[in-house]
$ cat data.pdb   # PDB, C-alpha atoms
ATOM      1  CA  MET A   1     112.505  36.645 181.614
ATOM      2  CA  LEU A   2     114.238  39.107 183.865
ATOM      3  CA  LEU A   3     116.122  40.544 180.926
ATOM      4  CA  GLY A   4     112.846  40.973 179.050
ATOM      5  CA  VAL A   5     111.146  42.643 181.975
ATOM      6  CA  ALA A   6     114.166  44.829 182.578
ATOM      7  CA  ALA A   7     114.158  45.861 178.916
ATOM      8  CA  LEU A   8     110.454  46.618 179.221
ATOM      9  CA  ALA A   9     111.184  48.810 182.209
ATOM     10  CA  ASN A  10     113.933  50.567 180.314
ATOM     11  CA  ALA A  11     111.742  51.082 177.219
ATOM     12  CA  ALA A  12     109.105  52.803 179.295
ATOM     13  CA  ALA A  13     111.390  54.917 181.443
ATOM     14  CA  PRO A  14     109.593  58.003 182.690
ATOM     15  CA  GLN A  15     110.207  61.246 180.831
ATOM     16  CA  ILE A  16     108.901  64.742 181.214
ATOM     17  CA  ALA A  17     105.415  65.257 179.845
ATOM     18  CA  ALA A  18     104.794  68.616 178.224
ATOM     19  CA  PRO A  19     101.240  69.075 176.989
ATOM     20  CA  PRO A  20     101.012  71.888 174.442
ATOM     21  CA  GLU A  21      99.709  75.154 175.783
ATOM     22  CA  ASP A  22      96.486  76.604 174.519
ATOM     23  CA  LEU A  23      95.628  73.386 172.714
ATOM     24  CA  PHE A  24      92.629  73.793 170.489
ATOM     25  CA  LYS A  25      89.783  71.343 170.650
ATOM     26  CA  ALA A  26      89.834  71.525 166.859
ATOM     27  CA  GLY A  27      92.628  70.349 164.641
ATOM     28  CA  ILE A  28      95.020  73.184 163.869
ATOM     29  CA  LEU A  29      96.799  73.900 160.622
ATOM     30  CA  SER A  30     100.312  75.277 160.470
ATOM     31  CA  PRO A  31     101.715  77.277 158.960
ATOM     32  CA  VAL A  32      98.518  79.280 158.698
ATOM     33  CA  MET A  33      97.621  79.935 155.069
ATOM     34  CA  PRO A  34      94.898  82.119 153.607
ATOM     35  CA  ALA A  35      91.543  80.381 153.498
ATOM     36  CA  PRO A  36      90.627  79.417 149.927
ATOM     37  CA  ALA A  37      88.518  82.086 148.260
ATOM     38  CA  LEU A  38      84.760  81.778 147.972
ATOM     39  CA  LYS A  39      82.957  83.241 144.981
ATOM     40  CA  LEU A  40      79.306  82.479 145.560
ATOM     41  CA  ALA A  41      76.010  84.229 146.087
ATOM     42  CA  GLY A  42      74.896  84.821 149.668
ATOM     43  CA  SER A  43      71.519  83.892 151.063
ATOM     44  CA  ASP A  44      71.318  87.513 152.199
ATOM     45  CA  GLY A  45      71.283  88.702 148.595
ATOM     46  CA  LYS A  46      74.880  89.946 148.594
ATOM     47  CA  PRO A  47      77.912  88.354 146.922
ATOM     48  CA  LEU A  48      79.489  85.845 149.252
ATOM     49  CA  ASN A  49      83.226  86.086 149.673
ATOM     50  CA  LEU A  50      85.442  85.905 152.724
ATOM     51  CA  GLU A  51      86.665  89.489 152.351
ATOM     52  CA  ARG A  52      83.225  90.581 153.526
ATOM     53  CA  PHE A  53      83.962  89.150 156.937
ATOM     54  CA  HIS A  54      87.517  90.332 157.528
ATOM     55  CA  GLY A  55      87.825  91.334 161.164
ATOM     56  CA  LYS A  56      85.488  88.525 162.199
ATOM     57  CA  VAL A  57      86.118  84.884 162.942
ATOM     58  CA  VAL A  58      84.335  82.829 160.295
ATOM     59  CA  LEU A  59      82.966  79.348 160.907
ATOM     60  CA  LEU A  60      82.571  77.791 157.474
ATOM     61  CA  ALA A  61      80.757  74.530 156.812
ATOM     62  CA  PHE A  62      79.071  72.739 153.936
ATOM     63  CA  GLY A  63      75.680  71.039 153.956
ATOM     64  CA  PHE A  64      72.151  71.231 152.554
ATOM     65  CA  SER A  65      68.752  72.295 153.757
ATOM     66  CA  ASN A  66      67.107  68.881 153.320
ATOM     67  CA  CYS A  67      69.712  67.240 155.533
ATOM     68  CA  GLY A  68      67.938  65.355 158.287
ATOM     69  CA  GLU A  69      70.712  64.702 160.728
ATOM     70  CA  VAL A  70      74.203  66.136 160.449
ATOM     71  CA  CYS A  71      73.405  69.686 159.324
ATOM     72  CA  PRO A  72      70.723  70.440 161.934
ATOM     73  CA  ILE A  73      73.032  69.219 164.683
ATOM     74  CA  THR A  74      75.951  71.244 163.355
ATOM     75  CA  LEU A  75      73.890  74.396 162.952
ATOM     76  CA  ALA A  76      72.264  74.037 166.369
ATOM     77  CA  THR A  77      75.726  73.627 167.890
ATOM     78  CA  LEU A  78      77.058  76.718 166.132
ATOM     79  CA  ALA A  79      73.992  78.713 167.155
ATOM     80  CA  GLY A  80      74.492  77.530 170.726
ATOM     81  CA  ALA A  81      78.126  78.594 170.662
ATOM     82  CA  ARG A  82      77.235  82.083 169.441
ATOM     83  CA  LYS A  83      74.584  82.397 172.117
ATOM     84  CA  LYS A  84      77.020  81.343 174.817
ATOM     85  CA  LEU A  85      79.613  83.852 173.641
ATOM     86  CA  GLY A  86      77.272  86.718 174.434
ATOM     87  CA  ALA A  87      78.485  90.066 173.123
ATOM     88  CA  ASP A  88      81.536  88.428 171.516
ATOM     89  CA  ALA A  89      79.225  86.626 169.108
ATOM     90  CA  ALA A  90      79.079  89.818 167.063
ATOM     91  CA  ALA A  91      82.622  89.015 165.930
ATOM     92  CA  VAL A  92      81.723  85.483 164.806
ATOM     93  CA  GLN A  93      80.159  84.818 161.411
ATOM     94  CA  VAL A  94      78.743  81.438 160.396
ATOM     95  CA  VAL A  95      78.810  80.700 156.660
ATOM     96  CA  TYR A  96      77.041  77.577 155.430
ATOM     97  CA  VAL A  97      77.579  76.590 151.805
ATOM     98  CA  THR A  98      75.124  74.264 150.130
ATOM     99  CA  VAL A  99      76.245  71.022 148.502
ATOM    100  CA  ASP A 100      72.801  70.763 146.889
ATOM    101  CA  PRO A 101      72.520  73.732 144.525
ATOM    102  CA  GLU A 102      69.704  72.032 142.588
ATOM    103  CA  ARG A 103      67.352  72.449 145.557
ATOM    104  CA  ASP A 104      68.970  75.141 147.687
ATOM    105  CA  ASP A 105      68.564  78.677 146.407
ATOM    106  CA  ALA A 106      69.111  81.846 148.410
ATOM    107  CA  ALA A 107      65.561  81.952 149.744
ATOM    108  CA  GLN A 108      65.610  78.301 150.794
ATOM    109  CA  MET A 109      68.938  78.686 152.586
ATOM    110  CA  ARG A 110      67.814  81.915 154.270
ATOM    111  CA  LYS A 111      64.720  80.168 155.616
ATOM    112  CA  PHE A 112      66.660  77.071 156.696
ATOM    113  CA  LEU A 113      69.533  78.896 158.373
ATOM    114  CA  GLY A 114      67.244  81.524 159.881
ATOM    115  CA  SER A 115      65.547  78.842 161.936
ATOM    116  CA  PHE A 116      68.827  78.382 163.798
ATOM    117  CA  ASP A 117      70.261  81.890 163.867
ATOM    118  CA  PRO A 118      69.230  84.824 161.700
ATOM    119  CA  THR A 119      72.838  86.013 161.373
ATOM    120  CA  PHE A 120      73.955  82.844 159.560
ATOM    121  CA  VAL A 121      74.718  83.400 155.875
ATOM    122  CA  GLY A 122      74.280  80.674 153.277
ATOM    123  CA  GLY A 123      76.355  80.203 150.166
ATOM    124  CA  VAL A 124      74.580  79.261 146.938
ATOM    125  CA  GLY A 125      75.489  79.135 143.273
ATOM    126  CA  THR A 126      75.543  77.006 140.182
ATOM    127  CA  ARG A 127      76.708  73.413 140.313
ATOM    128  CA  GLY A 128      80.008  74.509 138.810
ATOM    129  CA  GLU A 129      80.526  77.264 141.367
ATOM    130  CA  ILE A 130      79.687  74.938 144.247
ATOM    131  CA  ASP A 131      82.047  72.285 142.874
ATOM    132  CA  VAL A 132      84.890  74.814 142.860
ATOM    133  CA  ALA A 133      84.176  75.770 146.469
ATOM    134  CA  GLN A 134      83.971  72.136 147.567
ATOM    135  CA  LYS A 135      87.194  71.215 145.820
ATOM    136  CA  SER A 136      89.133  74.094 147.298
ATOM    137  CA  TYR A 137      88.200  72.936 150.827
ATOM    138  CA  GLY A 138      88.485  69.205 150.109
ATOM    139  CA  ILE A 139      84.772  68.671 150.638
ATOM    140  CA  SER A 140      83.327  65.445 149.265
ATOM    141  CA  SER A 141      79.633  64.839 148.647
ATOM    142  CA  THR A 142      77.750  61.835 147.326
ATOM    143  CA  LYS A 143      74.145  61.761 146.187
ATOM    144  CA  ASN A 144      72.232  58.746 147.501
ATOM    145  CA  MET A 145      68.951  57.944 145.775
ATOM    146  CA  ASN A 146      65.925  56.761 147.767
ATOM    147  CA  PRO A 147      63.434  54.227 146.349
ATOM    148  CA  ASP A 148      60.809  56.959 146.000
ATOM    149  CA  GLY A 149      63.041  59.002 143.707
ATOM    150  CA  SER A 150      64.046  61.527 146.334
ATOM    151  CA  TYR A 151      67.640  61.762 147.407
ATOM    152  CA  THR A 152      69.886  62.654 150.249
ATOM    153  CA  ILE A 153      73.531  63.674 150.213
ATOM    154  CA  GLY A 154      76.403  62.321 152.227
ATOM    155  CA  HIS A 155      78.992  65.056 152.695
ATOM    156  CA  SER A 156      82.049  66.126 154.651
ATOM    157  CA  SER A 157      80.887  67.609 157.896
ATOM    158  CA  SER A 158      83.839  69.488 159.342
ATOM    159  CA  ILE A 159      83.696  73.135 160.341
ATOM    160  CA  TYR A 160      86.524  75.351 159.109
ATOM    161  CA  MET A 161      87.651  78.071 161.502
ATOM    162  CA  ILE A 162      88.976  81.172 159.750
ATOM    163  CA  ASP A 163      90.650  83.875 161.801
ATOM    164  CA  ARG A 164      90.054  87.611 161.699
ATOM    165  CA  THR A 165      92.655  88.110 158.974
ATOM    166  CA  GLY A 166      91.326  85.418 156.671
ATOM    167  CA  GLY A 167      93.790  82.693 157.663
ATOM    168  CA  LEU A 168      92.530  79.123 157.801
ATOM    169  CA  ARG A 169      93.530  78.280 161.358
ATOM    170  CA  ALA A 170      91.640  75.213 162.461
ATOM    171  CA  VAL A 171      89.173  72.531 161.487
ATOM    172  CA  MET A 172      86.645  71.122 163.932
ATOM    173  CA  PRO A 173      85.516  67.610 163.052
ATOM    174  CA  TYR A 174      81.813  66.845 163.315
ATOM    175  CA  GLY A 175      80.526  65.886 166.723
ATOM    176  CA  HIS A 176      82.088  68.476 169.003
ATOM    177  CA  THR A 177      80.085  70.289 171.649
ATOM    178  CA  VAL A 178      79.024  73.900 172.088
ATOM    179  CA  ASP A 179      81.645  74.261 174.819
ATOM    180  CA  ASP A 180      84.389  73.023 172.500
ATOM    181  CA  PHE A 181      83.486  75.703 169.962
ATOM    182  CA  VAL A 182      83.312  78.381 172.631
ATOM    183  CA  HIS A 183      86.742  77.291 173.909
ATOM    184  CA  ASP A 184      88.353  77.633 170.475
ATOM    185  CA  LEU A 185      86.462  80.749 169.481
ATOM    186  CA  LYS A 186      87.737  82.529 172.589
ATOM    187  CA  ILE A 187      91.286  81.722 171.493
ATOM    188  CA  LEU A 188      90.621  82.930 167.959
ATOM    189  CA  LEU A 189      88.884  86.071 169.116
ATOM    190  CA  ARG A 190      91.806  87.184 171.248
ATOM    191  CA  THR A 191      94.423  86.611 168.550
TER     192      THR A 191
ATOM    193  CA  MET B   1     121.051  20.822 198.536
ATOM    194  CA  ASN B   2     120.618  21.416 194.807
ATOM    195  CA  ARG B   3     117.022  22.401 195.384
ATOM    196  CA  ARG B   4     118.090  24.935 198.000
ATOM    197  CA  LYS B   5     120.690  26.318 195.613
ATOM    198  CA  SER B   6     118.144  26.664 192.809
ATOM    199  CA  LEU B   7     115.769  28.392 195.164
ATOM    200  CA  SER B   8     118.456  30.831 196.248
ATOM    201  CA  VAL B   9     118.923  31.790 192.597
ATOM    202  CA  ALA B  10     115.251  31.800 191.593
ATOM    203  CA  ALA B  11     113.965  33.766 194.567
ATOM    204  CA  PRO B  12     115.884  36.976 193.820
ATOM    205  CA  LEU B  13     114.982  36.722 190.143
ATOM    206  CA  LEU B  14     111.327  36.297 190.996
ATOM    207  CA  ALA B  15     111.485  39.167 193.449
ATOM    208  CA  ALA B  16     113.097  41.369 190.811
ATOM    209  CA  ALA B  17     110.462  40.429 188.257
ATOM    210  CA  VAL B  18     107.684  41.176 190.719
ATOM    211  CA  ALA B  19     109.307  44.505 191.528
ATOM    212  CA  VAL B  20     109.514  45.483 187.863
ATOM    213  CA  LEU B  21     105.924  44.414 187.233
ATOM    214  CA  ALA B  22     104.842  46.375 190.280
ATOM    215  CA  TRP B  23     106.680  49.398 188.960
ATOM    216  CA  ALA B  24     105.157  48.905 185.501
ATOM    217  CA  GLY B  25     101.693  48.589 186.946
ATOM    218  CA  PHE B  26     101.695  51.275 189.593
ATOM    219  CA  THR B  27     103.945  53.984 188.165
ATOM    220  CA  PRO B  28     102.034  56.477 186.004
ATOM    221  CA  ILE B  29     103.173  56.545 182.398
ATOM    222  CA  HIS B  30     104.864  59.705 181.185
ATOM    223  CA  VAL B  31     105.742  60.435 177.584
ATOM    224  CA  SER B  32     107.963  63.066 176.017
ATOM    225  CA  SER B  33     105.358  64.119 173.463
ATOM    226  CA  ARG B  34     101.668  63.493 173.032
ATOM    227  CA  GLU B  35     101.967  63.847 169.283
ATOM    228  CA  GLU B  36     101.964  60.859 166.948
ATOM    229  CA  LEU B  37     103.604  62.015 163.737
ATOM    230  CA  PHE B  38     102.887  60.728 160.245
ATOM    231  CA  GLU B  39     104.189  62.243 157.040
ATOM    232  CA  ILE B  40     102.796  62.151 153.545
ATOM    233  CA  PRO B  41     106.021  62.009 151.512
ATOM    234  CA  LYS B  42     106.852  64.081 148.501
ATOM    235  CA  GLY B  43     105.690  62.395 145.310
ATOM    236  CA  THR B  44     102.744  60.522 146.848
ATOM    237  CA  TYR B  45     100.233  61.959 144.396
ATOM    238  CA  ALA B  46     102.511  61.271 141.425
ATOM    239  CA  ARG B  47     102.987  57.666 142.516
ATOM    240  CA  ARG B  48      99.260  57.202 142.876
ATOM    241  CA  ALA B  49      98.663  58.770 139.470
ATOM    242  CA  ALA B  50     101.179  56.325 137.997
ATOM    243  CA  GLY B  51      99.160  53.428 139.412
ATOM    244  CA  ASP B  52     101.408  52.665 142.373
ATOM    245  CA  LYS B  53      99.201  51.442 145.200
ATOM    246  CA  VAL B  54     101.888  51.564 147.862
ATOM    247  CA  GLU B  55     100.561  52.505 151.307
ATOM    248  CA  ILE B  56     102.291  55.570 152.659
ATOM    249  CA  LEU B  57     100.440  55.795 155.955
ATOM    250  CA  PRO B  58      99.097  52.916 158.008
ATOM    251  CA  SER B  59      95.423  52.333 157.348
ATOM    252  CA  ARG B  60      94.922  51.992 161.088
ATOM    253  CA  ILE B  61      96.473  54.212 163.730
ATOM    254  CA  ARG B  62      96.179  53.617 167.461
ATOM    255  CA  LEU B  63      96.285  56.487 169.930
ATOM    256  CA  THR B  64      95.948  56.492 173.706
ATOM    257  CA  LEU B  65      94.265  59.256 175.657
ATOM    258  CA  GLY B  66      96.589  61.150 177.949
ATOM    259  CA  LEU B  67      99.706  59.668 176.332
ATOM    260  CA  ASN B  68      99.738  60.016 172.565
ATOM    261  CA  ASP B  69      96.374  61.539 171.781
ATOM    262  CA  VAL B  70      97.360  64.179 169.241
ATOM    263  CA  LEU B  71      97.620  63.103 165.625
ATOM    264  CA  LEU B  72     100.171  65.149 163.701
ATOM    265  CA  LEU B  73     100.113  64.886 159.934
ATOM    266  CA  ARG B  74     102.642  66.566 157.645
ATOM    267  CA  ASN B  75     102.023  66.978 153.962
ATOM    268  CA  ARG B  76     105.443  66.849 152.263
ATOM    269  CA  ASP B  77     103.836  66.250 148.892
ATOM    270  CA  ASP B  78     103.669  68.820 146.102
ATOM    271  CA  VAL B  79      99.885  68.856 145.978
ATOM    272  CA  PRO B  80      97.133  69.385 148.546
ATOM    273  CA  GLN B  81      96.052  66.247 150.398
ATOM    274  CA  VAL B  82      92.706  65.673 152.030
ATOM    275  CA  PHE B  83      92.881  64.026 155.389
ATOM    276  CA  GLY B  84      89.506  63.358 156.950
ATOM    277  CA  PRO B  85      88.203  66.640 158.202
ATOM    278  CA  THR B  86      90.522  68.923 156.291
ATOM    279  CA  ILE B  87      92.619  69.722 153.289
ATOM    280  CA  MET B  88      96.343  70.224 153.837
ATOM    281  CA  MET B  89      98.359  72.365 151.508
ATOM    282  CA  PRO B  90     101.886  71.328 150.494
ATOM    283  CA  GLY B  91     104.193  71.902 153.459
ATOM    284  CA  GLN B  92     101.367  72.192 155.925
ATOM    285  CA  GLU B  93     100.826  70.302 159.180
ATOM    286  CA  PHE B  94      97.545  69.304 160.764
ATOM    287  CA  ARG B  95      97.524  68.692 164.502
ATOM    288  CA  LEU B  96      94.339  66.965 165.635
ATOM    289  CA  PRO B  97      93.735  66.251 169.337
ATOM    290  CA  PHE B  98      91.395  63.528 170.576
ATOM    291  CA  GLU B  99      89.533  63.567 173.871
ATOM    292  CA  GLN B 100      87.121  60.655 173.471
ATOM    293  CA  ALA B 101      88.001  56.978 173.282
ATOM    294  CA  ALA B 102      86.400  55.683 170.091
ATOM    295  CA  SER B 103      87.139  54.452 166.610
ATOM    296  CA  TYR B 104      87.190  57.258 164.055
ATOM    297  CA  GLN B 105      86.855  56.737 160.309
ATOM    298  CA  PHE B 106      88.349  59.372 158.052
ATOM    299  CA  ALA B 107      88.691  59.783 154.340
ATOM    300  CA  CYS B 108      92.334  60.200 153.320
ATOM    301  CA  THR B 109      93.642  60.756 149.835
ATOM    302  CA  ALA B 110      97.095  59.504 150.857
ATOM    303  CA  HIS B 111      95.662  55.995 151.105
ATOM    304  CA  ALA B 112      94.989  53.739 148.154
ATOM    305  CA  SER B 113      91.743  52.743 149.878
ATOM    306  CA  GLY B 114      90.859  56.378 150.541
ATOM    307  CA  GLN B 115      90.085  55.493 154.153
ATOM    308  CA  MET B 116      91.916  55.716 157.442
ATOM    309  CA  THR B 117      90.856  54.460 160.865
ATOM    310  CA  ILE B 118      92.053  55.969 164.112
ATOM    311  CA  ASP B 119      91.444  53.927 167.231
ATOM    312  CA  VAL B 120      91.612  56.051 170.350
ATOM    313  CA  GLU B 121      91.935  54.031 173.538
ATOM    314  CA  ALA B 122      91.203  55.089 177.089
ATOM    315  CA  GLU B 123      94.104  56.209 179.255
ATOM    316  CA  PRO B 124      95.693  53.219 181.009
ATOM    317  CA  VAL B 125      95.167  53.979 184.677
ATOM    318  CA  MET B 126      94.724  50.500 186.147
ATOM    319  CA  PRO B 127      97.902  48.489 186.941
ATOM    320  CA  TRP B 128      97.164  45.751 184.423
ATOM    321  CA  SER B 129      96.348  48.241 181.658
ATOM    322  CA  ARG B 130      99.638  50.073 182.333
ATOM    323  CA  ILE B 131     101.601  46.826 182.153
ATOM    324  CA  HIS B 132      99.760  45.903 178.962
ATOM    325  CA  TRP B 133     100.459  49.317 177.422
ATOM    326  CA  ARG B 134     104.161  49.241 178.359
ATOM    327  CA  LEU B 135     104.561  45.687 177.111
ATOM    328  CA  ARG B 136     102.903  46.526 173.779
ATOM    329  CA  GLU B 137     105.077  49.621 173.349
ATOM    330  CA  TRP B 138     108.179  47.579 174.068
ATOM    331  CA  ARG B 139     107.130  44.894 171.555
ATOM    332  CA  GLU B 140     106.493  47.482 168.857
ATOM    333  CA  LYS B 141     109.894  49.054 169.405
ATOM    334  CA  HIS B 142     111.843  45.780 169.384
TER     335      HIS B 142
END

$ encode --input "data.pdb" --output "structure tokens"
Amino acid sequence: MLLGVAALANAAAPQIAAPPEDLFKAGILSPVMPAPALKLAGSDGKPLNLERFHGKVVLLAFGFSNCGEVCPITLATLAGARKKLGADAAAVQVVYVTVDPERDDAAQMRKFLGSFDPTFVGGVGTRGEIDVAQKSYGISSTKNMNPDGSYTIGHSSSIYMIDRTGGLRAVMPYGHTVDDFVHDLKILLRT
Amino acid sequence: MNRRKSLSVAAPLLAAAVAVLAWAGFTPIHVSSREELFEIPKGTYARRAAGDKVEILPSRIRLTLGLNDVLLLRNRDDVPQVFGPTIMMPGQEFRLPFEQAASYQFACTAHASGQMTIDVEAEPVMPWSRIHWRLREWREKH
């Protein structure tokens, strides 16, 4: 018994803890690689590509306007983060790409996103164009039919954080708070 | 006489055991790194495509807040891999910290099942929970 306990003590001998500095709340990717390109139409009537937003931090997520739970929470959180950033929010662009191109056109996305923050830009396109965008970011989506013939869509709900130079730096899983976003955005805005 | 002799041997052993348990229960746990590393090996996609259902990563990973609460995934494969919230390019790492004790379900293309569960436990701060944590770590390493 003593040997066992002594071995236990030895196995758990104290060592020096060194928490990483400047740890993001989000998951970080390294080495940083360019964010996959987007070739879609914007809800603002302009072509939607990431080059448009160089110099800004882009928060990119996928969803749909008929989403009853995940998307409204995500968008409200992102709007809250921008509000809390104050003047720095001008350097943060939210891009929300639909996974439901059959129902979400530019006008629908503009109306939906505008109810959270008028600066948010939606990404729309054909099914083929949306599929390409989803695949390049590893976004899955599944259509679930309701008994009345309507449908909802289960989809990946992470938020991609793209730095000012277009590098895909971090990914925030669904469920984080406004303060978590503000924390990470402050890091991204100063780098 | 024999009883006294046995007692003279047992008493120090018992005292030593109590001392070690006291240390294990009352001494805060320190670790060298809070990262728990898992690698997706080169050739994983090819093996899957060939029908090999071998599990590369555990389907369940346990992390402990304050000790090993950062999941570090490395994609050594030749193709992008989707792990839960993100896609990882070949050669890329994804370092995901956890701050809430909970069970997290993630999609993961490195698994035959396509799913991965991460159980995040609360930091062991009570004496018994520290002993339990140290004992479990020791068992897993031996």

$ closest_residue --input "data.pdb" --among "A:Gly166, A:Pro173, A:Gly63, A:Gly114" --to "chain B" --atoms "only C-alpha atoms"
A:Pro173

$ resolve_selection --input "data.pdb" --expression "the PyMOL selection byres ((chain A and resi 23) around 12)" --output "compact mmCIF listing (two decimals) with C-alpha atoms, keeping the file's coordinate frame"
# COMPACT_ATOMS: atom_id res chain seq x y z
CA ALA A 18 104.79 68.62 178.22
CA PRO A 19 101.24 69.08 176.99
CA PRO A 20 101.01 71.89 174.44
CA GLU A 21 99.71 75.15 175.78
CA ASP A 22 96.49 76.60 174.52
CA PHE A 24 92.63 73.79 170.49
CA LYS A 25 89.78 71.34 170.65
CA ALA A 26 89.83 71.53 166.86
CA GLY A 27 92.63 70.35 164.64
CA ILE A 28 95.02 73.18 163.87
CA ALA A 170 91.64 75.21 162.46
CA ASP A 180 84.39 73.02 172.50
CA HIS A 183 86.74 77.29 173.91
CA ASP A 184 88.35 77.63 170.48
CA ILE A 187 91.29 81.72 171.49
CA LEU A 188 90.62 82.93 167.96
CA ARG B 34 101.67 63.49 173.03
CA GLU B 35 101.97 63.85 169.28
CA ASP B 69 96.37 61.54 171.78
CA VAL B 70 97.36 64.18 169.24
CA ARG B 95 97.52 68.69 164.50
CA LEU B 96 94.34 66.96 165.64
CA PRO B 97 93.74 66.25 169.34
CA PHE B 98 91.40 63.53 170.58
CA GLU B 99 89.53 63.57 173.87

$ atom_distance --input "data.pdb" --atom1 "atom CA of Ala101 of chain B" --atom2 "atom CA of Glu123 of chain B"
8.6 Å

$ closest_residue --input "data.pdb" --among "B:Val79, B:Ile56, B:Ala17, B:Ala102" --to "chain A" --atoms "all atoms listed in the file"
B:Ala17

$ closest_residue --input "data.pdb" --among "B:Leu135, B:Leu7, B:Ala19, B:Ala50" --to "chain A" --atoms "all atoms listed in the file"
B:Leu135

$ closest_residue --input "data.pdb" --among "B:Arg60, B:Asp77, B:Leu71, B:Arg4" --to "Arg47 of chain B" --atoms "all atoms listed in the file"
B:Asp77

$ closest_atom_pairs --input "data.pdb" --of "chain B" --to "chain A" --cutoff "9 Å" --atoms "all atoms listed in the file" --output "CSV"
residue,atom,partner,partner_atom,distance
B:Leu13,CA,A:Leu2,CA,6.8
B:Leu14,CA,A:Leu2,CA,8.2
B:Ala16,CA,A:Leu2,CA,7.4
B:Ala17,CA,A:Leu2,CA,5.9
B:Val20,CA,A:Val5,CA,6.7
B:Leu21,CA,A:Val5,CA,7.6
B:Trp23,CA,A:Ala9,CA,8.1
B:Ala24,CA,A:Ala9,CA,6.9
B:Thr27,CA,A:Pro14,CA,8.8
B:Pro28,CA,A:Pro14,CA,8.4
B:Ile29,CA,A:Pro14,CA,6.6
B:His30,CA,A:Pro14,CA,5.2
B:Val31,CA,A:Ala17,CA,5.3
B:Ser32,CA,A:Ala17,CA,5.1
B:Ser33,CA,A:Ala17,CA,6.5
B:Arg34,CA,A:Pro19,CA,6.9
B:Leu67,CA,A:Ala17,CA,8.7
B:Leu71,CA,A:Gly27,CA,8.9
B:Pro80,CA,A:Gly138,CA,8.8
B:Gln81,CA,A:Gly138,CA,8.1
B:Val82,CA,A:Gly138,CA,5.8
B:Phe83,CA,A:Gly138,CA,8.6
B:Gly84,CA,A:Ser156,CA,8.3
B:Pro85,CA,A:Ser158,CA,5.3
B:Thr86,CA,A:Val171,CA,6.5
B:Ile87,CA,A:Gly138,CA,5.2
B:Met88,CA,A:Leu29,CA,7.7
B:Met89,CA,A:Met33,CA,8.4
B:Gly91,CA,A:Pro31,CA,8.1
B:Gln92,CA,A:Ser30,CA,5.6
B:Glu93,CA,A:Ser30,CA,5.2
B:Phe94,CA,A:Leu29,CA,4.7
B:Arg95,CA,A:Gly27,CA,5.2
B:Leu96,CA,A:Gly27,CA,3.9
B:Pro97,CA,A:Gly27,CA,6.3
B:Phe98,CA,A:Lys25,CA,8.0
B:Glu99,CA,A:Lys25,CA,8.4
B:Arg134,CA,A:Ala12,CA,6.2
B:Leu135,CA,A:Leu8,CA,6.3
B:Glu137,CA,A:Ala11,CA,7.8
B:Trp138,CA,A:Leu8,CA,5.7
B:Arg139,CA,A:Leu8,CA,8.5
B:Lys141,CA,A:Ala11,CA,8.3

$ atom_distance --input "data.pdb" --atom1 "atom CA of Trp133 of chain B" --atom2 "atom CA of Ala15 of chain B"
21.9 Å

$ resolve_selection --input "data.pdb" --expression "the PyMOL selection byres ((chain A and resi 90) around 12)" --output "short mmCIF file (atom, residue, chain, number, x, y, z; two decimals) with C-alpha atoms, keeping the file's coordinate frame"
data_model
loop_
_atom_site.label_atom_id
_atom_site.label_comp_id
_atom_site.auth_asym_id
_atom_site.auth_seq_id
_atom_site.Cartn_x
_atom_site.Cartn_y
_atom_site.Cartn_z
CA PHE A 53 83.96 89.15 156.94
CA GLY A 55 87.82 91.33 161.16
CA LYS A 56 85.49 88.52 162.20
CA VAL A 57 86.12 84.88 162.94
CA VAL A 58 84.34 82.83 160.29
CA ALA A 81 78.13 78.59 170.66
CA ARG A 82 77.24 82.08 169.44
CA LYS A 83 74.58 82.40 172.12
CA LYS A 84 77.02 81.34 174.82
CA LEU A 85 79.61 83.85 173.64
CA GLY A 86 77.27 86.72 174.43
CA ALA A 87 78.48 90.07 173.12
CA ASP A 88 81.54 88.43 171.52
CA ALA A 89 79.22 86.63 169.11
CA ALA A 91 82.62 89.02 165.93
CA VAL A 92 81.72 85.48 164.81
CA GLN A 93 80.16 84.82 161.41
CA VAL A 94 78.74 81.44 160.40
CA THR A 119 72.84 86.01 161.37
CA PHE A 120 73.96 82.84 159.56
CA LEU A 185 86.46 80.75 169.48
CA LEU A 189 88.88 86.07 169.12
#

$ axis_aligned_box --input "data.pdb" --around "segment 49-67 of chain A" --padding-each-side "6 Å" --output "AutoDock Vina command-line options"
--center_x 77.5 --center_y 79.3 --center_z 156.3 --size_x 32.7 --size_y 36.1 --size_z 25.3

$ atom_distance --input "data.pdb" --atom1 "atom CA of Pro90 of chain B" --atom2 "atom CA of Thr142 of chain A"
26.1 Å

$ decode --input "data.pdb" --residues "segment 30-44 of chain B" --atoms "C-alpha atoms" --output "PDB file, in the first residue's frame"
ATOM      1  CA  HIS B  30       0.231  21.912 -10.495  1.00  0.00           C
ATOM      2  CA  VAL B  31       0.796  20.740 -14.042  1.00  0.00           C
ATOM      3  CA  SER B  32       3.511  21.533 -16.554  1.00  0.00           C
ATOM      4  CA  SER B  33       1.063  22.283 -19.356  1.00  0.00           C
ATOM      5  CA  ARG B  34      -2.654  22.871 -19.539  1.00  0.00           C
ATOM      6  CA  GLU B  35      -2.772  21.524 -23.066  1.00  0.00           C
ATOM      7  CA  GLU B  36      -4.060  18.051 -23.879  1.00  0.00           C
ATOM      8  CA  LEU B  37      -2.590  17.131 -27.245  1.00  0.00           C
ATOM      9  CA  PHE B  38      -4.154  14.864 -29.849  1.00  0.00           C
ATOM     10  CA  GLU B  39      -2.884  14.367 -33.370  1.00  0.00           C
ATOM     11  CA  ILE B  40      -4.697  13.342 -36.505  1.00  0.00           C
ATOM     12  CA  PRO B  41      -2.000  11.258 -38.220  1.00  0.00           C
ATOM     13  CA  LYS B  42      -0.965  11.474 -41.816  1.00  0.00           C
ATOM     14  CA  GLY B  43      -3.034   9.152 -43.983  1.00  0.00           C
ATOM     15  CA  THR B  44      -6.187   9.238 -41.838  1.00  0.00           C
TER      16      THR B  44
END
